[in-house]
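model.cif, holding mmCIF, C-alpha atoms and all ligand atoms:
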```cif
data_run
loop_
_atom_site.label_atom_id
_atom_site.label_comp_id
_atom_site.auth_asym_id
_atom_site.auth_seq_id
_atom_site.Cartn_x
_atom_site.Cartn_y
_atom_site.Cartn_z
CA MET A 16 27.76 -21.31 -34.49
CA LYS A 17 24.19 -22.49 -35.28
CA ASN A 18 22.49 -19.61 -33.45
CA LEU A 19 24.65 -16.97 -35.07
CA ALA A 20 23.12 -14.87 -37.87
CA LEU A 21 24.21 -16.05 -41.30
CA HIS A 22 26.36 -13.03 -42.13
CA TRP A 23 28.40 -13.59 -38.96
CA GLN A 24 28.86 -17.24 -39.82
CA ILE A 25 30.08 -16.32 -43.30
CA LEU A 26 32.37 -13.61 -41.93
CA ILE A 27 33.92 -16.05 -39.47
CA GLY A 28 34.41 -18.54 -42.32
CA MET A 29 36.15 -15.84 -44.37
CA VAL A 30 38.49 -14.74 -41.58
CA LEU A 31 39.39 -18.30 -40.69
CA GLY A 32 39.95 -19.07 -44.38
CA VAL A 33 42.39 -16.16 -44.76
CA LEU A 34 44.24 -17.11 -41.55
CA PHE A 35 44.40 -20.75 -42.54
CA GLY A 36 45.68 -19.81 -46.02
CA LEU A 37 48.32 -17.52 -44.53
CA GLY A 38 49.40 -20.23 -42.10
CA MET A 39 49.68 -22.78 -44.91
CA THR A 40 51.94 -20.53 -46.97
CA TYR A 41 54.55 -20.89 -44.22
CA LEU A 42 54.32 -24.67 -44.27
CA GLU A 43 56.37 -26.57 -46.79
CA GLY A 44 53.96 -28.11 -49.29
CA GLY A 45 51.15 -26.12 -47.64
CA LYS A 46 50.10 -24.53 -50.92
CA GLU A 47 49.66 -27.94 -52.55
CA ILE A 48 47.71 -29.25 -49.57
CA VAL A 49 45.28 -26.34 -49.81
CA GLU A 50 45.00 -26.71 -53.60
CA ASP A 51 44.38 -30.46 -53.41
CA TRP A 52 42.27 -30.75 -50.28
CA VAL A 53 40.60 -27.44 -49.52
CA LYS A 54 40.10 -25.61 -52.81
CA PRO A 55 37.85 -28.34 -54.28
CA PHE A 56 35.28 -27.67 -51.56
CA GLY A 57 35.18 -24.01 -52.57
CA LYS A 58 34.70 -25.09 -56.16
CA ILE A 59 31.87 -27.44 -55.16
CA PHE A 60 30.19 -24.60 -53.30
CA ILE A 61 30.40 -22.21 -56.26
CA ASN A 62 29.26 -24.94 -58.63
CA SER A 63 26.21 -25.64 -56.51
CA LEU A 64 25.27 -21.96 -56.61
CA LYS A 65 25.79 -21.75 -60.36
CA LEU A 66 23.89 -24.98 -60.77
CA ILE A 67 20.64 -23.35 -59.77
CA ALA A 68 21.13 -20.02 -61.57
CA VAL A 69 19.45 -21.08 -64.85
CA PRO A 70 16.48 -22.89 -63.28
CA LEU A 71 16.08 -20.02 -60.82
CA ILE A 72 15.89 -17.39 -63.54
CA LEU A 73 13.51 -19.48 -65.60
CA ALA A 74 11.16 -20.34 -62.77
CA SER A 75 11.13 -17.02 -60.96
CA LEU A 76 11.00 -14.80 -64.01
CA ILE A 77 8.23 -16.79 -65.70
CA LYS A 78 6.29 -16.72 -62.45
CA GLY A 79 7.09 -13.03 -61.89
CA VAL A 80 6.08 -11.89 -65.37
CA SER A 81 2.93 -13.96 -65.50
CA ASP A 82 1.90 -12.62 -62.08
CA LEU A 83 1.88 -9.12 -63.58
CA LYS A 84 -1.32 -9.99 -65.44
CA ASP A 85 -0.96 -7.27 -68.04
CA ILE A 86 1.78 -6.23 -70.42
CA SER A 87 1.69 -2.51 -69.64
CA LYS A 88 2.88 -3.25 -66.09
CA LEU A 89 5.80 -5.15 -67.54
CA SER A 90 6.89 -2.34 -69.82
CA LYS A 91 6.54 0.17 -66.98
CA MET A 92 8.76 -1.93 -64.73
CA GLY A 93 11.22 -2.60 -67.55
CA GLY A 94 11.56 1.07 -68.45
CA ARG A 95 12.14 2.13 -64.86
CA THR A 96 14.63 -0.63 -64.20
CA ILE A 97 16.81 0.14 -67.21
CA ALA A 98 16.66 3.91 -66.61
CA ILE A 99 17.69 3.65 -62.95
CA TYR A 100 20.42 1.14 -63.79
CA LEU A 101 21.87 3.55 -66.33
CA VAL A 102 21.80 6.46 -63.90
CA THR A 103 23.60 4.53 -61.14
CA THR A 104 26.25 3.34 -63.60
CA VAL A 105 26.96 6.86 -64.86
CA VAL A 106 27.17 8.07 -61.24
CA ALA A 107 29.69 5.29 -60.51
CA VAL A 108 31.92 6.10 -63.50
CA SER A 109 31.84 9.80 -62.66
CA ILE A 110 32.84 9.16 -59.04
CA GLY A 111 35.70 6.96 -60.30
CA LEU A 112 36.92 9.64 -62.69
CA LEU A 113 36.71 12.36 -60.09
CA LEU A 114 38.71 10.37 -57.54
CA VAL A 115 41.39 9.18 -59.93
CA ASN A 116 41.97 12.77 -61.10
CA LEU A 117 42.13 14.04 -57.53
CA ILE A 118 44.33 11.30 -56.07
CA GLN A 119 46.42 10.69 -59.22
CA PRO A 120 47.62 7.22 -58.16
CA GLY A 121 49.43 6.65 -61.47
CA ASN A 122 51.92 9.40 -60.77
CA SER A 123 53.26 7.57 -57.71
CA ILE A 124 54.38 4.55 -59.76
CA SER A 125 58.13 4.68 -60.40
CA GLU A 126 59.57 3.80 -63.79
CA LYS A 127 61.28 0.74 -62.28
CA THR A 128 58.09 -0.66 -60.72
CA ARG A 129 56.22 -0.05 -63.94
CA GLN A 130 58.70 -2.09 -65.93
CA GLU A 131 58.73 -4.82 -63.31
CA LEU A 132 54.95 -5.12 -63.39
CA VAL A 133 54.78 -5.08 -67.18
CA GLU A 134 57.43 -7.81 -67.39
CA ASN A 135 55.76 -9.97 -64.76
CA TYR A 136 52.27 -9.87 -66.13
CA SER A 137 52.51 -9.19 -69.85
CA GLY A 138 51.64 -12.85 -70.63
CA ASP A 139 48.44 -12.71 -68.57
CA ALA A 140 47.53 -9.34 -70.07
CA GLN A 141 47.84 -10.83 -73.55
CA LYS A 142 45.28 -13.52 -72.69
CA TYR A 143 42.77 -10.86 -71.68
CA LYS A 144 43.48 -8.83 -74.79
CA ASP A 145 42.82 -11.89 -76.97
CA GLN A 146 39.47 -12.46 -75.28
CA ALA A 147 38.53 -8.83 -75.76
CA VAL A 148 39.47 -8.94 -79.44
CA LYS A 149 37.04 -11.82 -79.88
CA GLN A 150 34.24 -9.78 -78.28
CA LYS A 151 35.10 -6.68 -80.26
CA SER A 152 35.39 -8.22 -83.71
CA SER A 153 31.63 -8.47 -84.10
CA GLY A 154 29.37 -5.72 -85.53
CA PRO A 155 27.67 -2.98 -83.50
CA LEU A 156 24.34 -4.82 -83.26
CA GLN A 157 25.87 -8.14 -82.26
CA ALA A 158 24.99 -7.54 -78.58
CA LEU A 159 21.34 -7.33 -79.59
CA VAL A 160 21.54 -10.45 -81.75
CA ASP A 161 23.14 -12.32 -78.85
CA ILE A 162 20.13 -11.73 -76.63
CA VAL A 163 17.86 -13.89 -78.79
CA PRO A 164 18.79 -17.58 -78.62
CA ASP A 165 18.13 -19.88 -81.57
CA ASN A 166 17.58 -22.80 -79.26
CA ILE A 167 16.42 -22.44 -75.68
CA PHE A 168 17.80 -25.80 -74.60
CA GLY A 169 21.15 -24.87 -76.10
CA ALA A 170 21.08 -21.49 -74.33
CA ALA A 171 20.14 -23.05 -71.02
CA THR A 172 23.21 -25.26 -71.03
CA GLN A 173 25.55 -22.32 -70.44
CA ASN A 174 25.38 -19.95 -67.48
CA LYS A 175 27.00 -17.25 -69.53
CA ASN A 176 23.89 -17.05 -71.72
CA MET A 177 22.00 -15.37 -68.91
CA LEU A 178 20.51 -12.65 -71.12
CA GLN A 179 19.20 -15.25 -73.56
CA ILE A 180 17.53 -17.14 -70.75
CA ILE A 181 16.06 -13.90 -69.38
CA PHE A 182 14.74 -13.10 -72.86
CA PHE A 183 13.09 -16.50 -73.18
CA ALA A 184 11.60 -16.36 -69.67
CA ILE A 185 10.08 -12.91 -70.26
CA PHE A 186 8.78 -13.98 -73.67
CA PHE A 187 7.27 -17.13 -72.19
CA GLY A 188 5.77 -15.12 -69.30
CA VAL A 189 4.18 -12.73 -71.80
CA GLY A 190 2.69 -15.71 -73.63
CA LEU A 191 1.24 -16.96 -70.36
CA ILE A 192 -0.41 -13.59 -69.71
CA LEU A 193 -1.98 -13.59 -73.16
CA ILE A 194 -3.61 -17.04 -73.17
CA PRO A 195 -6.94 -17.82 -71.48
CA GLN A 196 -6.64 -18.15 -67.71
CA GLU A 197 -7.82 -21.73 -67.41
CA LYS A 198 -5.14 -22.82 -69.87
CA ALA A 199 -2.43 -20.77 -68.15
CA LYS A 200 -3.25 -21.95 -64.64
CA PRO A 201 -1.57 -25.39 -64.63
CA VAL A 202 1.56 -24.02 -66.31
CA LYS A 203 1.74 -21.21 -63.78
CA SER A 204 1.22 -23.58 -60.85
CA PHE A 205 4.02 -25.73 -62.16
CA PHE A 206 6.44 -22.78 -62.23
CA ASP A 207 5.22 -21.57 -58.82
CA GLY A 208 6.04 -24.95 -57.31
CA PHE A 209 9.29 -25.20 -59.23
CA ASN A 210 10.27 -21.79 -57.90
CA GLU A 211 9.58 -22.86 -54.31
CA VAL A 212 11.81 -25.88 -54.75
CA ILE A 213 14.65 -23.73 -56.06
CA LEU A 214 14.29 -21.30 -53.14
CA LYS A 215 14.51 -24.25 -50.76
CA LEU A 216 17.66 -25.42 -52.53
CA ILE A 217 19.20 -21.99 -51.95
CA ASP A 218 18.49 -22.34 -48.23
CA LEU A 219 20.18 -25.70 -48.22
CA ILE A 220 23.23 -24.51 -50.15
CA MET A 221 23.58 -21.54 -47.83
CA LEU A 222 23.99 -23.94 -44.91
CA ALA A 223 27.37 -24.69 -46.43
CA ALA A 224 28.26 -21.05 -47.12
CA PRO A 225 30.60 -20.52 -44.14
CA TYR A 226 32.60 -23.61 -45.13
CA GLY A 227 32.49 -22.73 -48.82
CA VAL A 228 33.91 -19.25 -48.28
CA PHE A 229 36.54 -20.67 -45.93
CA ALA A 230 37.79 -22.90 -48.74
CA LEU A 231 37.58 -20.17 -51.38
CA LEU A 232 39.55 -17.63 -49.38
CA ALA A 233 42.17 -20.11 -48.15
CA ALA A 234 42.86 -21.09 -51.78
CA LEU A 235 42.97 -17.45 -52.87
CA VAL A 236 45.51 -16.56 -50.20
CA VAL A 237 47.93 -19.39 -51.03
CA GLU A 238 47.73 -18.61 -54.74
CA SER A 239 48.12 -14.81 -54.56
CA PRO A 240 51.26 -13.10 -55.86
CA SER A 241 53.88 -11.50 -53.63
CA VAL A 242 52.93 -8.68 -51.28
CA ASP A 243 55.61 -6.36 -52.70
CA LEU A 244 53.72 -5.92 -55.93
CA PHE A 245 50.57 -5.12 -54.01
CA LYS A 246 52.43 -2.36 -52.21
CA ALA A 247 53.39 -0.67 -55.45
CA LEU A 248 49.73 -0.46 -56.37
CA ILE A 249 48.47 0.68 -53.03
CA TRP A 250 47.28 4.14 -54.18
CA TYR A 251 45.50 2.72 -57.16
CA ALA A 252 43.76 0.13 -54.96
CA PHE A 253 42.96 2.83 -52.43
CA THR A 254 41.30 4.95 -55.12
CA VAL A 255 39.15 2.07 -56.36
CA VAL A 256 38.14 0.98 -52.87
CA LEU A 257 37.36 4.54 -51.77
CA GLY A 258 35.14 4.95 -54.84
CA LEU A 259 33.39 1.66 -54.09
CA LEU A 260 32.77 2.69 -50.49
CA ILE A 261 31.27 5.96 -51.72
CA MET A 262 28.98 3.92 -53.98
CA ILE A 263 27.81 1.81 -51.03
CA ALA A 264 27.09 5.04 -49.11
CA PHE A 265 25.25 6.39 -52.19
CA TYR A 266 23.02 3.28 -52.37
CA ASN A 267 22.24 3.49 -48.69
CA LEU A 268 21.33 7.12 -49.09
CA ILE A 269 19.00 6.69 -52.06
CA VAL A 270 17.37 3.61 -50.52
CA TRP A 271 16.89 5.53 -47.31
CA ILE A 272 15.44 8.60 -49.01
CA ILE A 273 13.18 6.73 -51.42
CA THR A 274 12.09 3.68 -49.44
CA LYS A 275 12.64 4.96 -45.87
CA LYS A 276 14.52 1.74 -45.09
CA ASN A 277 17.38 2.77 -42.83
CA PRO A 278 20.94 1.83 -43.82
CA ALA A 279 21.42 -0.54 -40.87
CA SER A 280 18.50 -2.75 -41.81
CA PHE A 281 19.28 -2.54 -45.53
CA LEU A 282 22.86 -3.66 -44.95
CA LYS A 283 21.80 -6.31 -42.48
CA GLY A 284 19.34 -7.72 -44.98
CA ILE A 285 21.77 -7.80 -47.89
CA SER A 286 25.04 -8.59 -46.10
CA PRO A 287 25.11 -12.38 -46.64
CA ALA A 288 24.84 -11.75 -50.39
CA GLN A 289 27.57 -9.10 -50.16
CA LEU A 290 29.90 -11.46 -48.33
CA LEU A 291 29.23 -14.14 -50.89
CA ALA A 292 29.88 -11.75 -53.76
CA PHE A 293 33.15 -10.82 -52.09
CA SER A 294 34.17 -14.46 -51.69
CA THR A 295 33.13 -15.65 -55.14
CA SER A 296 33.83 -12.54 -57.30
CA SER A 297 30.79 -13.46 -59.33
CA SER A 298 27.46 -11.65 -59.46
CA ALA A 299 26.01 -14.63 -61.34
CA ALA A 300 26.99 -17.13 -58.65
CA THR A 301 25.62 -14.76 -55.99
CA LEU A 302 22.32 -14.14 -57.80
CA PRO A 303 20.30 -16.87 -56.07
CA VAL A 304 21.24 -15.49 -52.68
CA THR A 305 20.72 -11.85 -53.70
CA MET A 306 17.20 -12.80 -54.83
CA GLU A 307 16.48 -14.66 -51.63
CA ARG A 308 17.73 -11.85 -49.39
CA VAL A 309 15.95 -9.08 -51.23
CA THR A 310 12.65 -10.96 -51.35
CA GLU A 311 12.61 -12.53 -47.90
CA HIS A 312 14.56 -10.00 -45.86
CA LEU A 313 14.03 -6.65 -47.53
CA GLY A 314 10.40 -6.97 -48.48
CA VAL A 315 10.69 -6.63 -52.27
CA ASP A 316 7.79 -8.38 -54.00
CA GLU A 317 8.93 -11.39 -56.00
CA GLU A 318 7.30 -9.96 -59.12
CA VAL A 319 9.87 -7.17 -58.98
CA SER A 320 12.94 -8.98 -57.67
CA SER A 321 12.61 -11.81 -60.17
CA PHE A 322 12.68 -9.27 -63.00
CA VAL A 323 15.08 -6.60 -61.74
CA LEU A 324 17.80 -8.77 -60.21
CA PRO A 325 18.66 -11.25 -63.02
CA ILE A 326 18.78 -8.34 -65.46
CA GLY A 327 20.89 -6.35 -62.99
CA ALA A 328 23.33 -9.20 -62.47
CA THR A 329 24.09 -9.14 -66.18
CA ILE A 330 23.88 -5.49 -67.15
CA ASN A 331 24.21 -3.36 -64.02
CA MET A 332 27.78 -3.39 -62.79
CA ASP A 333 28.45 -0.12 -61.05
CA GLY A 334 31.50 -1.40 -59.20
CA THR A 335 32.97 -2.68 -62.46
CA SER A 336 32.34 0.56 -64.34
CA LEU A 337 33.90 2.62 -61.54
CA TYR A 338 36.93 0.33 -61.52
CA GLN A 339 37.27 0.56 -65.31
CA ALA A 340 37.30 4.34 -65.19
CA VAL A 341 39.89 4.45 -62.42
CA ALA A 342 42.05 1.76 -64.03
CA ALA A 343 42.03 3.43 -67.45
CA VAL A 344 43.11 6.81 -66.12
CA PHE A 345 45.59 5.20 -63.71
CA ILE A 346 47.30 3.41 -66.61
CA ALA A 347 47.35 6.62 -68.64
CA GLN A 348 48.95 8.46 -65.70
CA ALA A 349 51.51 5.69 -65.18
CA PHE A 350 52.52 5.97 -68.84
CA GLY A 351 52.78 9.74 -68.51
CA MET A 352 49.80 10.46 -70.77
CA ASP A 353 47.61 13.50 -70.27
CA LEU A 354 43.98 12.68 -70.93
CA SER A 355 41.89 15.52 -72.30
CA LEU A 356 38.43 16.31 -70.98
CA GLY A 357 36.99 14.85 -74.20
CA ALA A 358 38.87 11.59 -73.67
CA GLN A 359 37.60 11.41 -70.09
CA LEU A 360 34.01 12.03 -71.21
CA GLY A 361 34.55 9.23 -73.72
CA ILE A 362 35.54 7.00 -70.82
CA ILE A 363 32.17 7.69 -69.17
CA VAL A 364 30.42 6.33 -72.25
CA THR A 365 32.71 3.35 -72.92
CA ALA A 366 33.00 2.31 -69.25
CA THR A 367 29.20 2.40 -68.96
CA LEU A 368 28.83 0.23 -72.07
CA ALA A 369 31.75 -2.02 -71.15
CA SER A 370 30.28 -2.73 -67.72
CA ILE A 371 26.95 -3.61 -69.34
CA GLY A 372 28.81 -5.99 -71.63
CA SER A 373 30.88 -7.58 -68.85
CA ALA A 374 29.86 -11.08 -67.88
CA ALA A 375 28.99 -11.65 -64.24
CA VAL A 376 32.02 -13.84 -63.60
CA PRO A 377 35.45 -13.31 -62.02
CA GLY A 378 37.80 -11.13 -64.06
CA ALA A 379 35.24 -10.15 -66.71
CA GLY A 380 35.65 -6.46 -65.91
CA MET A 381 39.29 -6.67 -66.87
CA VAL A 382 38.52 -8.20 -70.26
CA MET A 383 36.18 -5.35 -71.06
CA LEU A 384 38.68 -2.82 -69.74
CA VAL A 385 40.72 -3.57 -72.86
CA ILE A 386 37.93 -2.00 -74.89
CA VAL A 387 37.84 1.12 -72.69
CA LEU A 388 41.61 1.46 -73.06
CA GLY A 389 41.46 0.98 -76.80
CA GLN A 390 38.78 3.61 -77.23
CA ALA A 391 40.67 6.18 -75.16
CA GLY A 392 43.97 5.44 -76.92
CA ILE A 393 45.65 4.21 -73.73
CA PRO A 394 48.31 1.48 -74.19
CA GLU A 395 46.76 -1.94 -73.60
CA ALA A 396 50.08 -3.18 -72.23
CA GLY A 397 49.07 -1.20 -69.17
CA LEU A 398 46.78 -4.09 -68.21
CA ALA A 399 49.89 -5.82 -66.93
CA LEU A 400 50.31 -2.99 -64.43
CA ILE A 401 47.14 -3.71 -62.56
CA PHE A 402 47.09 -7.47 -62.88
CA ALA A 403 48.66 -8.29 -59.52
CA ILE A 404 45.90 -6.62 -57.59
CA ASP A 405 42.95 -7.37 -59.82
CA ARG A 406 41.47 -10.25 -57.86
CA PRO A 407 41.06 -8.45 -54.52
CA LEU A 408 39.57 -5.50 -56.37
CA ASP A 409 37.29 -7.84 -58.31
CA MET A 410 36.00 -9.13 -54.97
CA CYS A 411 35.24 -5.57 -53.84
CA ARG A 412 33.64 -4.43 -57.09
CA THR A 413 31.43 -7.53 -57.28
CA THR A 414 30.14 -6.69 -53.80
CA VAL A 415 29.19 -3.23 -55.06
CA ASN A 416 27.65 -4.69 -58.22
CA ILE A 417 25.17 -6.81 -56.31
CA THR A 418 24.48 -4.06 -53.76
CA GLY A 419 23.55 -1.78 -56.67
CA ASP A 420 21.16 -4.39 -58.05
CA ALA A 421 19.54 -4.89 -54.65
CA SER A 422 19.12 -1.13 -54.12
CA VAL A 423 17.55 -0.62 -57.53
CA SER A 424 15.16 -3.52 -56.92
CA MET A 425 14.00 -1.79 -53.74
CA ILE A 426 13.56 1.54 -55.49
CA VAL A 427 11.64 0.01 -58.41
CA ALA A 428 9.49 -1.97 -55.95
CA LYS A 429 8.74 1.16 -53.96
CA SER A 430 7.81 3.10 -57.08
CA LEU A 431 5.34 0.37 -58.06
CA GLY A 432 3.89 -0.06 -54.56
CA LYS A 433 5.50 -3.51 -54.31
CA LEU A 434 7.70 -2.99 -51.29
CA GLY A 435 6.23 -4.66 -48.23
CA LYS A 436 7.28 -6.03 -44.90
CA PRO A 437 10.11 -8.60 -44.97
CA LYS A 438 8.90 -12.18 -44.63
CA VAL A 439 11.80 -13.10 -42.38
CA LYS A 440 12.66 -10.80 -39.47
CA ASP A 441 16.37 -10.15 -39.09
CA TRP A 442 16.39 -11.39 -35.52
CA ASP A 443 15.04 -14.64 -36.86
CA ASP A 444 17.89 -14.87 -39.29
CA ASN A 445 18.78 -18.53 -39.14
CA TYR A 446 18.98 -21.09 -41.88
CA PRO A 447 17.14 -23.11 -42.83
CA LYS A 448 14.01 -21.06 -42.33
CA LYS A 449 11.68 -22.55 -39.78
N1 LIG B 1 33.33 -10.14 -61.17
C1 LIG B 1 32.41 -9.10 -61.51
C2 LIG B 1 30.98 -9.59 -61.31
O1 LIG B 1 30.71 -10.75 -61.41
C3 LIG B 1 32.60 -8.59 -62.92
C4 LIG B 1 33.95 -7.94 -62.99
O2 LIG B 1 34.05 -6.74 -62.71
O3 LIG B 1 34.94 -8.61 -63.29
O4 LIG B 1 30.12 -8.79 -61.03
#
```
Take the structure I supplied and represent it as structure tokens, if you would.
Amino acid sequence: MKNLALHWQILIGMVLGVLFGLGMTYLEGGKEIVEDWVKPFGKIFINSLKLIAVPLILASLIKGVSDLKDISKLSKMGGRTIAIYLVTTVVAVSIGLLLVNLIQPGNSISEKTRQELVENYSGDAQKYKDQAVKQKSSGPLQALVDIVPDNIFGAATQNKNMLQIIFFAIFFGVGLILIPQEKAKPVKSFFDGFNEVILKLIDLIMLAAPYGVFALLAALVVESPSVDLFKALIWYAFTVVLGLLIMIAFYNLIVWIITKKNPASFLKGISPAQLLAFSTSSSAATLPVTMERVTEHLGVDEEVSSFVLPIGATINMDGTSLYQAVAAVFIAQAFGMDLSLGAQLGIIVTATLASIGSAAVPGAGMVMLVIVLGQAGIPEAGLALIFAIDRPLDMCRTTVNITGDASVSMIVAKSLGKLGKPKVKDWDDNYPKK
């Protein structure tokens, strides 16, 4: 196993995890054994990834911004990043809308199945609605207010405050650029060294990745609801997954055209992060690995990756926005509603905003879907319809989310002349790095 490239090791861990989970469901008490003795290792693995997210953003972004040496470079990079992120998100929502209107998965749901699903999951749906109400009850500028923390130590104690930490790191980096060099030097050296340590920690954590994903997937399989409900939603799931695959093809195409990096080497470079996103359903937990892969294996300069990727993990969720568009129209179809063109255009706007507002954690896309539904006048009870299959789709959309971030980082790097040769060759793809 040691000589195998990391993505193969992770893939083997995933397959074995699913098989083990399936096997344990047939064993009496198997579910409890997995929950008590296997799942905790998955949790430890995710925790260790999340553990370094805040220090990673702080160290790499402060280093990245201060390396830029002048503020105009920062605003140029910032402008490009946000603009490209917006474009890819709108493309994703539009693909979702097109597919869901063509395939019409909601029309294949029978009245009986609809009632069964609503009955089974209405409790869970209510929980999500409550969370969404909390997010919605604030004023229109609240999202802006939330970016600026009133206490950096307070902000840094919660992973969900990623935007606040990003804000502080950029602000601090700008300060470092503006003070005299001899004063800035020791501070910068400190963050450079700190950053190296964090990157080494990522290497070490990734040694455990195959085992971590084994545990995560085994636990997921024993805890998943019955297969019958999945079957009822097969066309809906098909539509989402088809859209997500088109997005992956779209990223490969634009990366190929703009950076000349062929799809095989792009996918090879990013695949360990994709597999991890799939296993954890969290862009935030995957961020350290996405950064490492993009910088070391795809040749993106750290100045760019340290800026583009943490921002992307929080605001650029193309997979989530595509899913929200499909889910909203699917629910409308299942309830026999006809959505006008205006309502569908409205979905493009709200799904784009809702995906920006979604946290980079499992299930966040579903919370924000409530807002898309509300805006389009689609019954929120419809959430219960798609609940059974949300987790597997979350795994797929998270994979697309991080692939989108990685692609945009390559494009921004190319446009700024910051895309070089990868530090680690793919045929040398073993951890820890020699
Ligand atoms: N799990 C997704 C992510 O972390 C967000 C979502 O769609 O639920 O990127």
Within 10 Å of ligand LIG 1 (chain B), which residues show up when you count all atoms listed in the file? List them as an MDAnalysis selection string, please. chainID A and resid 292:293 295:302 327:339 369:384 405:406 408:417
Dump C-alpha atoms for the selected residues as a PDB file, in the frame of the given file?
```pdb
ATOM      1  CA  ALA A 292      29.880 -11.750 -53.760  1.00  0.00           C
ATOM      2  CA  PHE A 293      33.150 -10.820 -52.090  1.00  0.00           C
ATOM      3  CA  THR A 295      33.130 -15.650 -55.140  1.00  0.00           C
ATOM      4  CA  SER A 296      33.830 -12.540 -57.300  1.00  0.00           C
ATOM      5  CA  SER A 297      30.790 -13.460 -59.330  1.00  0.00           C
ATOM      6  CA  SER A 298      27.460 -11.650 -59.460  1.00  0.00           C
ATOM      7  CA  ALA A 299      26.010 -14.630 -61.340  1.00  0.00           C
ATOM      8  CA  ALA A 300      26.990 -17.130 -58.650  1.00  0.00           C
ATOM      9  CA  THR A 301      25.620 -14.760 -55.990  1.00  0.00           C
ATOM     10  CA  LEU A 302      22.320 -14.140 -57.800  1.00  0.00           C
ATOM     11  CA  GLY A 327      20.890  -6.350 -62.990  1.00  0.00           C
ATOM     12  CA  ALA A 328      23.330  -9.200 -62.470  1.00  0.00           C
ATOM     13  CA  THR A 329      24.090  -9.140 -66.180  1.00  0.00           C
ATOM     14  CA  ILE A 330      23.880  -5.490 -67.150  1.00  0.00           C
ATOM     15  CA  ASN A 331      24.210  -3.360 -64.020  1.00  0.00           C
ATOM     16  CA  MET A 332      27.780  -3.390 -62.790  1.00  0.00           C
ATOM     17  CA  ASP A 333      28.450  -0.120 -61.050  1.00  0.00           C
ATOM     18  CA  GLY A 334      31.500  -1.400 -59.200  1.00  0.00           C
ATOM     19  CA  THR A 335      32.970  -2.680 -62.460  1.00  0.00           C
ATOM     20  CA  SER A 336      32.340   0.560 -64.340  1.00  0.00           C
ATOM     21  CA  LEU A 337      33.900   2.620 -61.540  1.00  0.00           C
ATOM     22  CA  TYR A 338      36.930   0.330 -61.520  1.00  0.00           C
ATOM     23  CA  GLN A 339      37.270   0.560 -65.310  1.00  0.00           C
ATOM     24  CA  ALA A 369      31.750  -2.020 -71.150  1.00  0.00           C
ATOM     25  CA  SER A 370      30.280  -2.730 -67.720  1.00  0.00           C
ATOM     26  CA  ILE A 371      26.950  -3.610 -69.340  1.00  0.00           C
ATOM     27  CA  GLY A 372      28.810  -5.990 -71.630  1.00  0.00           C
ATOM     28  CA  SER A 373      30.880  -7.580 -68.850  1.00  0.00           C
ATOM     29  CA  ALA A 374      29.860 -11.080 -67.880  1.00  0.00           C
ATOM     30  CA  ALA A 375      28.990 -11.650 -64.240  1.00  0.00           C
ATOM     31  CA  VAL A 376      32.020 -13.840 -63.600  1.00  0.00           C
ATOM     32  CA  PRO A 377      35.450 -13.310 -62.020  1.00  0.00           C
ATOM     33  CA  GLY A 378      37.800 -11.130 -64.060  1.00  0.00           C
ATOM     34  CA  ALA A 379      35.240 -10.150 -66.710  1.00  0.00           C
ATOM     35  CA  GLY A 380      35.650  -6.460 -65.910  1.00  0.00           C
ATOM     36  CA  MET A 381      39.290  -6.670 -66.870  1.00  0.00           C
ATOM     37  CA  VAL A 382      38.520  -8.200 -70.260  1.00  0.00           C
ATOM     38  CA  MET A 383      36.180  -5.350 -71.060  1.00  0.00           C
ATOM     39  CA  LEU A 384      38.680  -2.820 -69.740  1.00  0.00           C
ATOM     40  CA  ASP A 405      42.950  -7.370 -59.820  1.00  0.00           C
ATOM     41  CA  ARG A 406      41.470 -10.250 -57.860  1.00  0.00           C
ATOM     42  CA  LEU A 408      39.570  -5.500 -56.370  1.00  0.00           C
ATOM     43  CA  ASP A 409      37.290  -7.840 -58.310  1.00  0.00           C
ATOM     44  CA  MET A 410      36.000  -9.130 -54.970  1.00  0.00           C
ATOM     45  CA  CYS A 411      35.240  -5.570 -53.840  1.00  0.00           C
ATOM     46  CA  ARG A 412      33.640  -4.430 -57.090  1.00  0.00           C
ATOM     47  CA  THR A 413      31.430  -7.530 -57.280  1.00  0.00           C
ATOM     48  CA  THR A 414      30.140  -6.690 -53.800  1.00  0.00           C
ATOM     49  CA  VAL A 415      29.190  -3.230 -55.060  1.00  0.00           C
ATOM     50  CA  ASN A 416      27.650  -4.690 -58.220  1.00  0.00           C
ATOM     51  CA  ILE A 417      25.170  -6.810 -56.310  1.00  0.00           C
TER      52      ILE A 417
END
```
Excluding region 93-97 of chain A and its own-chain neighbours fewer than 5 positions away, which residues fall within 12 Å of it when counting all atoms listed in the file? Please give them as a PyMOL selection string. chain A and resi 80+86-88+102-104+185+318-327+329-331+371+419-431
Extract, using all atoms listed in the file, all DNA, RNA and protein residues at most 7 Å from Gly79 (chain A), discarding same-chain residues fewer than 2 positions from it, and format them as a list in words.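 Surrounding residues, per the criterion: Ser75, Leu76, Ile77, Ser81, Asp82, Leu83, Glu317, Glu318, Ser321 and Phe322 of chain A.
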Find the distance between CA of Lys175 (chain A) and CA of Leu191 (chain A) and write it in Å to one decimal.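 Going from CA of Lys175 (chain A) over to CA of Leu191 (chain A) covers 25.8 Å.
Taking CA of Phe60 (chain A) and CA of Pro164 (chain A) as endpoints, the distance between them is 28.6 Å.
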If I put a ball of radius 10 Å at (36.6, 8.9, -72.7) in the file's coordinates, which residues poke into it when counting all atoms listed in the file, written as a PyMOL selection string? chain A and resi 340+343-344+354-366+387-388+390-392
